[in-house]
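Shown below: final04.cif, with mmCIF, C-alpha atoms and all ligand atoms.
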```
data_entry
loop_
_atom_site.label_atom_id
_atom_site.label_comp_id
_atom_site.auth_asym_id
_atom_site.auth_seq_id
_atom_site.Cartn_x
_atom_site.Cartn_y
_atom_site.Cartn_z
CA MET A 1 -78.97 35.61 -109.87
CA GLU A 2 -81.27 37.45 -107.48
CA LYS A 3 -79.34 36.14 -104.53
CA TYR A 4 -76.21 38.04 -105.57
CA LYS A 5 -77.95 41.41 -105.75
CA HIS A 6 -77.75 42.16 -102.05
CA LEU A 7 -73.98 41.62 -102.04
CA GLY A 8 -73.45 45.03 -103.57
CA LEU A 9 -71.10 43.85 -106.29
CA LYS A 10 -70.52 46.07 -109.27
CA LEU A 11 -72.00 43.88 -111.96
CA THR A 12 -69.95 44.12 -115.11
CA PRO A 13 -70.88 41.77 -117.99
CA GLN A 14 -67.87 39.62 -117.11
CA ARG A 15 -68.87 39.36 -113.46
CA LEU A 16 -72.43 38.55 -114.45
CA ALA A 17 -71.13 35.73 -116.62
CA ILE A 18 -69.10 34.33 -113.73
CA LEU A 19 -72.08 34.61 -111.38
CA SER A 20 -74.43 32.85 -113.75
CA TYR A 21 -71.85 30.09 -114.27
CA LEU A 22 -71.65 29.62 -110.51
CA ASP A 23 -75.38 29.88 -109.86
CA GLY A 24 -76.61 26.40 -108.93
CA ASN A 25 -73.26 24.84 -109.93
CA LYS A 26 -72.61 21.70 -107.88
CA GLU A 27 -69.21 20.86 -109.39
CA HIS A 28 -67.16 22.90 -106.92
CA PRO A 29 -65.10 24.43 -109.74
CA SER A 30 -61.62 25.87 -109.31
CA ALA A 31 -60.70 29.33 -110.56
CA GLU A 32 -59.04 27.60 -113.53
CA ASP A 33 -62.23 25.69 -114.34
CA ILE A 34 -64.22 28.92 -114.32
CA TYR A 35 -61.62 30.73 -116.39
CA LYS A 36 -61.75 27.97 -119.02
CA ALA A 37 -65.55 28.00 -119.09
CA MET A 38 -65.54 31.79 -119.54
CA SER A 39 -63.03 31.82 -122.37
CA LYS A 40 -65.63 30.75 -124.95
CA ASP A 41 -67.87 33.77 -124.51
CA PHE A 42 -65.25 36.13 -123.12
CA PRO A 43 -61.97 35.35 -124.85
CA THR A 44 -60.41 38.53 -123.46
CA MET A 45 -61.31 37.85 -119.85
CA SER A 46 -58.14 37.48 -117.80
CA PHE A 47 -57.51 34.90 -115.14
CA ALA A 48 -56.99 37.78 -112.70
CA THR A 49 -60.54 38.98 -113.35
CA VAL A 50 -61.90 35.54 -112.52
CA TYR A 51 -59.75 35.21 -109.43
CA ASN A 52 -60.47 38.71 -108.16
CA THR A 53 -64.19 38.23 -108.67
CA LEU A 54 -64.05 35.00 -106.66
CA GLU A 55 -62.13 36.69 -103.85
CA THR A 56 -64.60 39.57 -103.73
CA LEU A 57 -67.52 37.16 -103.74
CA ARG A 58 -65.93 35.13 -100.98
CA ASP A 59 -65.33 38.22 -98.85
CA LYS A 60 -68.97 39.22 -99.27
CA GLY A 61 -70.21 35.75 -98.40
CA GLY A 62 -71.52 34.94 -101.86
CA VAL A 63 -69.36 31.89 -102.35
CA LEU A 64 -67.51 29.44 -100.14
CA GLU A 65 -63.81 28.88 -100.70
CA LEU A 66 -63.00 25.21 -100.11
CA THR A 67 -59.54 23.94 -99.25
CA ILE A 68 -60.44 20.24 -99.30
CA ASP A 69 -58.59 19.80 -102.63
CA PRO A 70 -54.88 20.03 -101.74
CA ASN A 71 -53.95 21.13 -105.27
CA LYS A 72 -56.20 24.14 -105.73
CA LYS A 73 -58.90 26.11 -104.05
CA ARG A 74 -62.41 25.17 -105.09
CA TYR A 75 -65.50 27.34 -104.96
CA ASP A 76 -69.02 26.56 -103.85
CA PRO A 77 -71.96 28.88 -104.54
CA ASN A 78 -74.01 26.93 -102.00
CA THR A 79 -73.22 28.84 -98.83
CA ALA A 80 -75.74 26.96 -96.69
CA ALA A 81 -74.26 24.59 -94.12
CA HIS A 82 -73.22 21.27 -95.62
CA HIS A 83 -70.24 18.94 -95.76
CA HIS A 84 -67.98 17.62 -98.51
CA LEU A 85 -66.62 14.32 -99.74
CA ILE A 86 -63.67 14.37 -102.14
CA CYS A 87 -62.33 11.61 -104.38
CA MET A 88 -58.63 11.41 -103.61
CA LYS A 89 -57.87 10.37 -107.20
CA CYS A 90 -59.95 12.56 -109.55
CA LYS A 91 -60.68 15.30 -106.97
CA ARG A 92 -64.41 15.22 -107.62
CA ILE A 93 -66.22 16.81 -104.70
CA ILE A 94 -69.79 15.99 -103.74
CA ASP A 95 -72.06 17.52 -101.14
CA ILE A 96 -72.98 15.68 -98.00
CA HIS A 97 -76.19 16.95 -96.47
CA LYS A 98 -76.27 15.49 -93.04
CA GLU A 99 -76.11 16.82 -89.53
CA PHE A 100 -73.24 15.37 -87.59
CA SER A 101 -73.51 15.52 -83.87
CA LEU A 102 -70.00 16.33 -82.81
CA ASN A 103 -69.84 16.15 -79.06
CA ILE A 104 -66.85 18.21 -78.12
CA PRO A 105 -66.28 18.25 -74.36
CA ASP A 106 -66.42 21.73 -72.82
CA GLU A 107 -62.87 21.52 -71.57
CA MET A 108 -61.63 21.28 -75.17
CA THR A 109 -63.43 24.35 -76.51
CA GLU A 110 -61.78 26.78 -74.07
CA GLY A 111 -64.98 28.76 -73.56
CA PHE A 112 -65.87 29.15 -77.25
CA ASP A 113 -69.50 29.17 -78.29
CA LEU A 114 -69.61 26.71 -81.18
CA VAL A 115 -71.60 27.98 -84.16
CA GLY A 116 -70.96 25.41 -86.85
CA ASN A 117 -68.80 22.77 -88.39
CA HIS A 118 -67.61 21.63 -91.79
CA VAL A 119 -66.64 17.99 -92.17
CA GLU A 120 -64.25 17.00 -94.97
CA LEU A 121 -64.52 13.36 -95.98
CA TYR A 122 -62.04 11.56 -98.24
CA GLY A 123 -62.57 8.54 -100.42
CA ILE A 124 -62.42 6.97 -103.86
CA CYS A 125 -65.33 7.52 -106.26
CA PRO A 126 -66.95 4.62 -108.19
CA LYS A 127 -65.36 5.72 -111.50
CA CYS A 128 -61.85 5.71 -110.03
CA LYS A 129 -62.52 2.45 -108.23
CA LYS A 130 -63.42 0.83 -111.56
CA SER A 131 -60.37 2.12 -113.43
CA SER A 132 -57.84 1.08 -110.84
ZN ZN A 201 -62.57 9.75 -108.61
MN MN A 202 -70.78 21.96 -101.63
#
```
Rewrite the structure of this file - the entire thing - as structure tokens.
Amino acid sequence: MEKYKHLGLKLTPQRLAILSYLDGNKEHPSAEDIYKAMSKDFPTMSFATVYNTLETLRDKGGVLELTIDPNKKRYDPNTAAHHHLICMKCKRIIDIHKEFSLNIPDEMTEGFDLVGNHVELYGICPKCKKSS
């Protein structure tokens, strides 16, 4: 939770609950997932509260918004550089910690200084492979 302090968020009990749910979470949950998880302890929390908190967090750099799942945005509290692999059937997303050396010829980058990359990999997970 310490890592969210410097973001300058107003920490309401509801926001704290969302932050502690996200802290160390490797599931890449959607806003709906988080809303469902919150509804046990905070039955009055609205979906808008969850969504707005995620947008604020994203804007402040506290969470990554992933678009690798075509059906819904997914959120990643791990903001350090890494890549993602998604199962095209069940939409499970796992982290890929590897440095890819992408050699982009200078004439393609039109003078940009490259500062990073995010590789999205697609596949079928073992569970889905078994059940198909
Ligand atoms: Zn799967
Ligand atoms: Mn991740």
Name the residues, by chain letter and number, that sit within 7 Å of ligand MN 202 (chain A) using all atoms listed in the file, and give them as JSON, numbers by chain. {"A": [26, 28, 76, 78, 82, 83, 84, 94, 95]}
Separation of atom CA of Glu65 of chain A from atom CA of Gly111 of chain A, in Å and rounded to one decimal: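 About the pair atom CA of Glu65 of chain A and atom CA of Gly111 of chain A: they are 27.2 Å apart.
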Using all atoms listed in the file, find each residue of chain A with at least one atom at most 12 Å away from an atom of ligand ZN 201 (chain A); report its shortest atom-to-atom pair and that distance in Å (one decimal), sort the rows by chain and rising residue number, and return the result as a Markdown table.
```
| residue | atom | partner | partner_atom | distance |
| --- | --- | --- | --- | --- |
| A:Leu85 | CA | A:ZN201 | ZN | 10.8 |
| A:Ile86 | CA | A:ZN201 | ZN | 8.0 |
| A:Cys87 | CA | A:ZN201 | ZN | 4.6 |
| A:Met88 | CA | A:ZN201 | ZN | 6.6 |
| A:Lys89 | CA | A:ZN201 | ZN | 4.9 |
| A:Cys90 | CA | A:ZN201 | ZN | 4.0 |
| A:Lys91 | CA | A:ZN201 | ZN | 6.1 |
| A:Arg92 | CA | A:ZN201 | ZN | 5.9 |
| A:Ile93 | CA | A:ZN201 | ZN | 8.9 |
| A:Ile94 | CA | A:ZN201 | ZN | 10.7 |
| A:Tyr122 | CA | A:ZN201 | ZN | 10.5 |
| A:Gly123 | CA | A:ZN201 | ZN | 8.3 |
| A:Ile124 | CA | A:ZN201 | ZN | 5.5 |
| A:Cys125 | CA | A:ZN201 | ZN | 4.3 |
| A:Pro126 | CA | A:ZN201 | ZN | 6.8 |
| A:Lys127 | CA | A:ZN201 | ZN | 5.7 |
| A:Cys128 | CA | A:ZN201 | ZN | 4.3 |
| A:Lys129 | CA | A:ZN201 | ZN | 7.3 |
| A:Lys130 | CA | A:ZN201 | ZN | 9.4 |
| A:Ser131 | CA | A:ZN201 | ZN | 9.3 |
| A:Ser132 | CA | A:ZN201 | ZN | 10.1 |
```
Nearest residue to His118 of chain A from the set A:Ile18, A:Ile104, A:Met38, A:Ile68 (distances using all atoms listed in the file):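 Answer, going by the shortest atom-to-atom distance: A:Ile68.
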Which one of A:Lys98, A:Lys3, A:Lys40, A:Arg15 sits closest to Pro77 of chain A if you count only C-alpha atoms?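 Closest to Pro77 of chain A of all the choices is A:Lys3.
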Which residues are close to Gln14 of chain A, i.e. within 9 Å by only C-alpha atoms, leaving aside same-chain residues fewer than 2 positions away? Reply as an MDAnalysis selection string. chainID A and resid 11:12 16:19 38 42 45 49:50
Can you work out which one of A:Pro43, A:Arg74, A:Thr53, A:Asp113 has the shortest atom-to-atom distance to Asn25 of chain A, counting only C-alpha atoms?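 Among the listed residues, A:Arg74 lies closest to Asn25 of chain A.
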Pick from A:Phe112, A:Leu102, A:Ser30, A:Ala80: nearest to Leu66 of chain A, with all atoms listed in the file counted? A:Ser30
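Here the question is which of A:Glu55, A:Glu99, A:Glu110, A:Asp41 gets nearest to Lys73 of chain A using all atoms listed in the file, and that residue is A:Glu55.
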Nearest to Gly62 of chain A, chosen from A:Phe47, A:Tyr75, A:Tyr21, A:Phe100, with only C-alpha atoms counted in the distances: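 For Gly62 of chain A, the nearest of the given residues is A:Tyr75.
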Rounded to one decimal place, report the atom CA of Val119 of chain A-atom CA of Glu107 of chain A distance in Å.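 That distance, rounded to one decimal, is 21.2 Å.
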